[in-house]
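Structure, as structure tokens:
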Amino acid sequence: MVAVNYVGAELWSYYHAPWETRVDLARQLMDIAEQLTNNDFDFALYLLDVTFDNFAVGSRDGKVIIVDAENVIVADKKLIRQNKPEGYDVWYESRVEDCDKEACLSFSKDILCSRVTNDHNYYAVCQNLLSRFATWRGTTGGLLHDPPADVVRDGQLQALLDECTRPRRPYGRFQAARELRDLLTQLR
């Protein structure tokens with residue numbers, strides 16, 4: 001038996017929504033990535049299947065909801081600190097690997113479960129949902145496609161999305177994710 005509940009339209013249905021709506025949804029997605037990575041419970045939940053179909057937008061409140069979380073790794077950060085596996089305190093930055101399929105992510109289960117600080121969720125959201133590298137249902141360009149002219153001229157949004165997806169600086173994704181959340185708040 002399977003029980004299902006309709007919570008709202010899938011995120012994909014907002015792909016062509018007004019810019020302000022897409023910015024708000026993008027900010028919520030980055031907040032989810034942060035909450036799943038760093039929280040008071042000291043557990044990280046790493047999403048392994050990040051696609052437009054696995055998120056919905058609440059029909060009553062416009063809040064983004066994870067609707068399919070069957071592919072998740074749970075890492076106990078407290079236990080990692082206790083056991084101190086090799087490199088446990090070294091920040092880990094996910095590697096981008098080119099792929100000819102939609103919504104690809106590269107990850108190492110062993111590393112996700114042995115490092116306290118990991119950027120996987122930021123990488124997954126930026127790569128598969130927000131950036132120009134996102135591909136889904138034959139389209140290219142994520143939720144933040146076609147920004148207004150003033151945002152394009154400024155260049156900050158594109159630079160942060162690029163750094164969040166394909167960092168050029170060591171640990172650049174961590175900084176880009178934080179700055180992207182701030183910028184999205186300003187753009188709302």
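By convention here, the chains of the structure tokens are called A, B, ... in the order presented, each chain's residues are numbered starting at 1, and ligands are numbered starting at 1 in the order presented.
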
Gln158 of chain A environment, 12 Å, only C-alpha atoms, sequence neighbours closer than 4 positions dropped, as a list in words
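Here the answer would be Cys126, Leu130, Ser131, Arg132, Phe133, Gly141, Gly142, Leu144, His145, Asp146, Pro147, Pro148, Val151, Val152, Arg153, Asp154, Asp162, Glu163, Cys164, Thr165, Arg166, Ala176, Glu179, Leu180, Leu183 and Leu184 of chain A.
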
Using DSSP on the backbone coordinates, identify all residues within segment 9-71 of chain A classified as alpha helix (DSSP H); present the result as an mmCIF file with all heavy atoms, in the first residue's frame.
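Result went into selection30.cif, see below:
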```cif
data_model
loop_
_atom_site.group_PDB
_atom_site.id
_atom_site.type_symbol
_atom_site.label_atom_id
_atom_site.label_comp_id
_atom_site.auth_asym_id
_atom_site.auth_seq_id
_atom_site.Cartn_x
_atom_site.Cartn_y
_atom_site.Cartn_z
ATOM 1 N N TRP A 19 9.799 36.363 -12.488
ATOM 2 C CA TRP A 19 11.140 36.399 -11.905
ATOM 3 C C TRP A 19 11.100 36.439 -10.368
ATOM 4 O O TRP A 19 11.817 35.690 -9.703
ATOM 5 C CB TRP A 19 11.914 37.597 -12.459
ATOM 6 C CG TRP A 19 13.231 37.827 -11.792
ATOM 7 C CD1 TRP A 19 13.567 38.853 -10.967
ATOM 8 C CD2 TRP A 19 14.394 36.996 -11.895
ATOM 9 N NE1 TRP A 19 14.870 38.719 -10.541
ATOM 10 C CE2 TRP A 19 15.398 37.580 -11.103
ATOM 11 C CE3 TRP A 19 14.677 35.808 -12.576
ATOM 12 C CZ2 TRP A 19 16.666 37.035 -10.972
ATOM 13 C CZ3 TRP A 19 15.945 35.266 -12.444
ATOM 14 C CH2 TRP A 19 16.924 35.867 -11.646
ATOM 15 N N GLU A 20 10.265 37.283 -9.801
ATOM 16 C CA GLU A 20 10.210 37.432 -8.351
ATOM 17 C C GLU A 20 9.821 36.117 -7.671
ATOM 18 O O GLU A 20 10.348 35.777 -6.610
ATOM 19 C CB GLU A 20 9.214 38.532 -7.947
ATOM 20 C CG GLU A 20 9.598 39.921 -8.390
ATOM 21 C CD GLU A 20 9.338 40.177 -9.884
ATOM 22 O OE1 GLU A 20 8.552 39.442 -10.526
ATOM 23 O OE2 GLU A 20 9.946 41.122 -10.421
ATOM 24 N N THR A 21 8.922 35.374 -8.271
ATOM 25 C CA THR A 21 8.506 34.082 -7.719
ATOM 26 C C THR A 21 9.662 33.094 -7.769
ATOM 27 O O THR A 21 9.942 32.386 -6.793
ATOM 28 C CB THR A 21 7.300 33.518 -8.512
ATOM 29 O OG1 THR A 21 6.229 34.448 -8.435
ATOM 30 C CG2 THR A 21 6.867 32.163 -7.981
ATOM 31 N N ARG A 22 10.367 33.064 -8.896
ATOM 32 C CA ARG A 22 11.490 32.136 -9.041
ATOM 33 C C ARG A 22 12.629 32.470 -8.081
ATOM 34 O O ARG A 22 13.268 31.577 -7.532
ATOM 35 C CB ARG A 22 11.972 32.107 -10.493
ATOM 36 C CG ARG A 22 10.931 31.480 -11.421
ATOM 37 C CD ARG A 22 11.397 31.360 -12.852
ATOM 38 N NE ARG A 22 11.410 32.652 -13.530
ATOM 39 C CZ ARG A 22 12.433 33.145 -14.209
ATOM 40 N NH1 ARG A 22 13.550 32.461 -14.339
ATOM 41 N NH2 ARG A 22 12.348 34.330 -14.799
ATOM 42 N N VAL A 23 12.858 33.753 -7.847
ATOM 43 C CA VAL A 23 13.890 34.166 -6.881
ATOM 44 C C VAL A 23 13.510 33.680 -5.488
ATOM 45 O O VAL A 23 14.346 33.157 -4.752
ATOM 46 C CB VAL A 23 14.093 35.699 -6.914
ATOM 47 C CG1 VAL A 23 14.884 36.177 -5.700
ATOM 48 C CG2 VAL A 23 14.786 36.109 -8.202
ATOM 49 N N ASP A 24 12.250 33.847 -5.115
ATOM 50 C CA ASP A 24 11.791 33.389 -3.805
ATOM 51 C C ASP A 24 11.959 31.873 -3.669
ATOM 52 O O ASP A 24 12.444 31.380 -2.642
ATOM 53 C CB ASP A 24 10.332 33.783 -3.585
ATOM 54 C CG ASP A 24 9.825 33.300 -2.236
ATOM 55 O OD1 ASP A 24 10.411 33.681 -1.205
ATOM 56 O OD2 ASP A 24 8.847 32.522 -2.215
ATOM 57 N N LEU A 25 11.591 31.125 -4.692
ATOM 58 C CA LEU A 25 11.737 29.665 -4.649
ATOM 59 C C LEU A 25 13.204 29.276 -4.570
ATOM 60 O O LEU A 25 13.576 28.346 -3.839
ATOM 61 C CB LEU A 25 11.066 29.031 -5.868
ATOM 62 C CG LEU A 25 9.550 29.246 -5.970
ATOM 63 C CD1 LEU A 25 9.024 28.702 -7.293
ATOM 64 C CD2 LEU A 25 8.822 28.628 -4.789
ATOM 65 N N ALA A 26 14.070 29.987 -5.303
ATOM 66 C CA ALA A 26 15.506 29.702 -5.270
ATOM 67 C C ALA A 26 16.064 29.942 -3.871
ATOM 68 O O ALA A 26 16.869 29.147 -3.369
ATOM 69 C CB ALA A 26 16.234 30.566 -6.294
ATOM 70 N N ARG A 27 15.641 31.011 -3.237
ATOM 71 C CA ARG A 27 16.101 31.292 -1.871
ATOM 72 C C ARG A 27 15.651 30.170 -0.937
ATOM 73 O O ARG A 27 16.420 29.698 -0.098
ATOM 74 C CB ARG A 27 15.565 32.651 -1.396
ATOM 75 C CG ARG A 27 15.791 32.950 0.084
ATOM 76 C CD ARG A 27 17.265 32.902 0.479
ATOM 77 N NE ARG A 27 17.409 32.717 1.906
ATOM 78 C CZ ARG A 27 18.082 33.513 2.699
ATOM 79 N NH1 ARG A 27 18.703 34.559 2.219
ATOM 80 N NH2 ARG A 27 18.161 33.248 3.986
ATOM 81 N N GLN A 28 14.417 29.721 -1.088
ATOM 82 C CA GLN A 28 13.929 28.626 -0.251
ATOM 83 C C GLN A 28 14.733 27.347 -0.483
ATOM 84 O O GLN A 28 15.035 26.609 0.466
ATOM 85 C CB GLN A 28 12.454 28.369 -0.530
ATOM 86 C CG GLN A 28 11.527 29.457 -0.026
ATOM 87 C CD GLN A 28 10.082 29.092 -0.268
ATOM 88 O OE1 GLN A 28 9.617 28.046 0.199
ATOM 89 N NE2 GLN A 28 9.375 29.931 -0.995
ATOM 90 N N LEU A 29 15.090 27.083 -1.726
ATOM 91 C CA LEU A 29 15.893 25.890 -2.031
ATOM 92 C C LEU A 29 17.269 25.978 -1.381
ATOM 93 O O LEU A 29 17.774 24.988 -0.829
ATOM 94 C CB LEU A 29 16.020 25.707 -3.542
ATOM 95 C CG LEU A 29 14.747 25.249 -4.244
ATOM 96 C CD1 LEU A 29 14.847 25.502 -5.748
ATOM 97 C CD2 LEU A 29 14.470 23.773 -3.959
ATOM 98 N N MET A 30 17.876 27.139 -1.417
ATOM 99 C CA MET A 30 19.180 27.316 -0.768
ATOM 100 C C MET A 30 19.043 27.204 0.751
ATOM 101 O O MET A 30 19.933 26.667 1.420
ATOM 102 C CB MET A 30 19.809 28.652 -1.167
ATOM 103 C CG MET A 30 20.265 28.724 -2.609
ATOM 104 S SD MET A 30 21.484 27.458 -3.079
ATOM 105 C CE MET A 30 22.912 28.004 -2.130
ATOM 106 N N ASP A 31 17.928 27.673 1.299
ATOM 107 C CA ASP A 31 17.679 27.515 2.737
ATOM 108 C C ASP A 31 17.536 26.040 3.101
ATOM 109 O O ASP A 31 18.043 25.599 4.134
ATOM 110 C CB ASP A 31 16.423 28.277 3.155
ATOM 111 C CG ASP A 31 16.616 29.783 3.181
ATOM 112 O OD1 ASP A 31 17.768 30.265 3.128
ATOM 113 O OD2 ASP A 31 15.587 30.498 3.245
ATOM 114 N N ILE A 32 16.850 25.287 2.268
ATOM 115 C CA ILE A 32 16.703 23.846 2.510
ATOM 116 C C ILE A 32 18.076 23.183 2.487
ATOM 117 O O ILE A 32 18.398 22.363 3.361
ATOM 118 C CB ILE A 32 15.749 23.203 1.480
ATOM 119 C CG1 ILE A 32 14.310 23.647 1.749
ATOM 120 C CG2 ILE A 32 15.869 21.681 1.488
ATOM 121 C CD1 ILE A 32 13.317 23.263 0.659
ATOM 122 N N ALA A 33 18.899 23.535 1.503
ATOM 123 C CA ALA A 33 20.249 22.961 1.423
ATOM 124 C C ALA A 33 21.026 23.257 2.708
ATOM 125 O O ALA A 33 21.710 22.379 3.251
ATOM 126 C CB ALA A 33 20.986 23.520 0.207
ATOM 127 N N GLU A 34 20.905 24.467 3.208
ATOM 128 C CA GLU A 34 21.602 24.850 4.442
ATOM 129 C C GLU A 34 21.057 24.077 5.642
ATOM 130 O O GLU A 34 21.816 23.541 6.449
ATOM 131 C CB GLU A 34 21.464 26.360 4.674
ATOM 132 C CG GLU A 34 22.064 26.851 5.970
ATOM 133 C CD GLU A 34 23.567 26.679 6.071
ATOM 134 O OE1 GLU A 34 24.250 26.628 5.025
ATOM 135 O OE2 GLU A 34 24.079 26.584 7.205
ATOM 136 N N GLN A 35 19.736 24.005 5.769
ATOM 137 C CA GLN A 35 19.125 23.321 6.919
ATOM 138 C C GLN A 35 19.427 21.832 6.935
ATOM 139 O O GLN A 35 19.600 21.249 8.007
ATOM 140 C CB GLN A 35 17.621 23.556 6.923
ATOM 141 C CG GLN A 35 17.238 24.983 7.218
ATOM 142 C CD GLN A 35 15.805 25.301 6.821
ATOM 143 O OE1 GLN A 35 15.063 24.456 6.339
ATOM 144 N NE2 GLN A 35 15.410 26.552 7.008
ATOM 145 N N LEU A 36 19.494 21.225 5.767
ATOM 146 C CA LEU A 36 19.801 19.796 5.712
ATOM 147 C C LEU A 36 21.275 19.526 6.004
ATOM 148 O O LEU A 36 21.630 18.441 6.465
ATOM 149 C CB LEU A 36 19.439 19.215 4.344
ATOM 150 C CG LEU A 36 17.950 19.187 3.997
ATOM 151 C CD1 LEU A 36 17.737 18.660 2.585
ATOM 152 C CD2 LEU A 36 17.177 18.346 5.006
ATOM 153 N N THR A 37 22.118 20.512 5.761
ATOM 154 C CA THR A 37 23.551 20.358 5.966
ATOM 155 C C THR A 37 23.969 20.731 7.380
ATOM 156 O O THR A 37 24.758 20.031 8.009
ATOM 157 C CB THR A 37 24.326 21.228 4.942
ATOM 158 O OG1 THR A 37 23.905 20.858 3.625
ATOM 159 C CG2 THR A 37 25.824 21.037 5.073
#
```

Go ahead and compute the interatomic distance for atom CA of Ser94 of chain A and atom CA of His120 of chain A, in Å to one decimal.
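Computed distance, atom CA of Ser94 of chain A to atom CA of His120 of chain A, equals 5.8 Å.
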
What lies within 10 Å of Arg137 of chain A using only C-alpha atoms, ignoring chain neighbours under 3 positions off, as a short mmCIF file (atom, residue, chain, number, x, y, z; two decimals) with C-alpha atoms, in the first residue's frame?
```
data_model
loop_
_atom_site.label_atom_id
_atom_site.label_comp_id
_atom_site.auth_asym_id
_atom_site.auth_seq_id
_atom_site.Cartn_x
_atom_site.Cartn_y
_atom_site.Cartn_z
CA TRP A 12 8.99 22.30 -12.57
CA PHE A 52 12.52 19.53 -10.28
CA GLU A 102 19.75 15.21 -16.95
CA ALA A 103 20.21 16.05 -13.29
CA THR A 140 18.92 24.12 -20.23
#
```

May I ask which of the residues A:Leu11, A:Ile66, A:Val72, A:Ala177 is the closest one to Ala159 of chain A, counting only C-alpha atoms?
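Closest to Ala159 of chain A, using only C-alpha atoms: A:Ala177.
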
Contacts of Ile65 of chain A at 9 Å (only C-alpha atoms; same-chain gap of 6+ positions) as a ChimeraX atom specification
/A:7-8,29,32,54-58

Go ahead and compute the interatomic distance for atom CA of Ala9 of chain A and atom CA of Ala134 of chain A, in Å to one decimal.
19.7 Å

At a cut-off of 10 Å, using only C-alpha atoms, what residues contact Asp49 of chain A? Leave out same-chain residues fewer than 2 positions from it and give the result as a PyMOL selection string.
chain A and resi 46-47+51-54+68-72+103-105+124+128

Take the residues just selected and output them with N, CA, C and O atoms as an mmCIF file, in the first residue's frame.
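Output saved as part32.cif:
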```cif
data_model
loop_
_atom_site.group_PDB
_atom_site.id
_atom_site.type_symbol
_atom_site.label_atom_id
_atom_site.label_comp_id
_atom_site.auth_asym_id
_atom_site.auth_seq_id
_atom_site.Cartn_x
_atom_site.Cartn_y
_atom_site.Cartn_z
ATOM 1 N N TYR A 46 21.983 14.362 3.132
ATOM 2 C CA TYR A 46 22.477 14.695 1.805
ATOM 3 C C TYR A 46 21.539 14.139 0.740
ATOM 4 O O TYR A 46 21.342 12.923 0.646
ATOM 5 N N LEU A 47 20.952 15.041 -0.035
ATOM 6 C CA LEU A 47 20.031 14.652 -1.099
ATOM 7 C C LEU A 47 20.818 14.144 -2.300
ATOM 8 O O LEU A 47 21.715 14.830 -2.792
ATOM 9 N N THR A 51 16.042 16.847 -8.349
ATOM 10 C CA THR A 51 15.422 17.187 -9.630
ATOM 11 C C THR A 51 14.194 18.051 -9.364
ATOM 12 O O THR A 51 13.682 18.103 -8.238
ATOM 13 N N PHE A 52 13.714 18.688 -10.404
ATOM 14 C CA PHE A 52 12.520 19.525 -10.278
ATOM 15 C C PHE A 52 11.309 18.704 -9.832
ATOM 16 O O PHE A 52 10.398 19.243 -9.209
ATOM 17 N N ASP A 53 11.277 17.422 -10.148
ATOM 18 C CA ASP A 53 10.143 16.579 -9.780
ATOM 19 C C ASP A 53 10.130 16.186 -8.307
ATOM 20 O O ASP A 53 9.106 15.723 -7.803
ATOM 21 N N ASN A 54 11.255 16.339 -7.622
ATOM 22 C CA ASN A 54 11.338 15.903 -6.234
ATOM 23 C C ASN A 54 11.038 17.007 -5.232
ATOM 24 O O ASN A 54 11.189 16.821 -4.029
ATOM 25 N N ASP A 68 10.022 13.891 -2.560
ATOM 26 C CA ASP A 68 10.587 12.569 -2.825
ATOM 27 C C ASP A 68 12.004 12.544 -2.278
ATOM 28 O O ASP A 68 12.928 13.060 -2.891
ATOM 29 N N ALA A 69 12.134 11.950 -1.110
ATOM 30 C CA ALA A 69 13.435 11.898 -0.451
ATOM 31 C C ALA A 69 13.867 10.451 -0.247
ATOM 32 O O ALA A 69 14.403 10.087 0.795
ATOM 33 N N GLU A 70 13.630 9.630 -1.258
ATOM 34 C CA GLU A 70 13.998 8.227 -1.094
ATOM 35 C C GLU A 70 15.493 7.987 -1.248
ATOM 36 O O GLU A 70 16.002 6.954 -0.824
ATOM 37 N N ASN A 71 16.217 8.934 -1.845
ATOM 38 C CA ASN A 71 17.661 8.786 -2.031
ATOM 39 C C ASN A 71 18.385 9.843 -1.207
ATOM 40 O O ASN A 71 18.712 10.921 -1.701
ATOM 41 N N VAL A 72 18.614 9.511 0.059
ATOM 42 C CA VAL A 72 19.232 10.432 1.007
ATOM 43 C C VAL A 72 20.278 9.675 1.809
ATOM 44 O O VAL A 72 20.071 8.521 2.179
ATOM 45 N N ALA A 103 20.154 16.060 -14.750
ATOM 46 C CA ALA A 103 20.208 16.050 -13.288
ATOM 47 C C ALA A 103 21.273 15.112 -12.723
ATOM 48 O O ALA A 103 21.020 14.355 -11.797
ATOM 49 N N CYS A 104 22.468 15.164 -13.262
ATOM 50 C CA CYS A 104 23.562 14.328 -12.765
ATOM 51 C C CYS A 104 24.220 14.956 -11.553
ATOM 52 O O CYS A 104 24.384 16.169 -11.482
ATOM 53 N N LEU A 105 24.623 14.114 -10.630
ATOM 54 C CA LEU A 105 25.410 14.531 -9.480
ATOM 55 C C LEU A 105 26.491 13.495 -9.239
ATOM 56 O O LEU A 105 26.236 12.296 -9.347
ATOM 57 N N ALA A 124 24.325 20.291 -5.194
ATOM 58 C CA ALA A 124 23.174 19.642 -5.823
ATOM 59 C C ALA A 124 22.108 20.655 -6.234
ATOM 60 O O ALA A 124 21.583 20.595 -7.353
ATOM 61 N N ASN A 128 21.714 21.350 -10.236
ATOM 62 C CA ASN A 128 20.551 20.720 -10.865
ATOM 63 C C ASN A 128 19.276 21.547 -10.885
ATOM 64 O O ASN A 128 18.343 21.202 -11.599
#
```

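Across the model, the gap from atom CA of Leu160 of chain A to atom CA of Val96 of chain A is 15.8 Å.
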
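For the set A:Lys109, A:Arg115, A:His16, A:Arg60, the residue with the smallest atom-to-atom gap to Lys77 of chain A is A:Arg115, counting only C-alpha atoms.
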
Point out the residue among A:Leu161, A:Leu112, A:Val50, A:Leu187 with the least atom-to-atom distance to Val74 of chain A, counting only C-alpha atoms.
A:Leu112
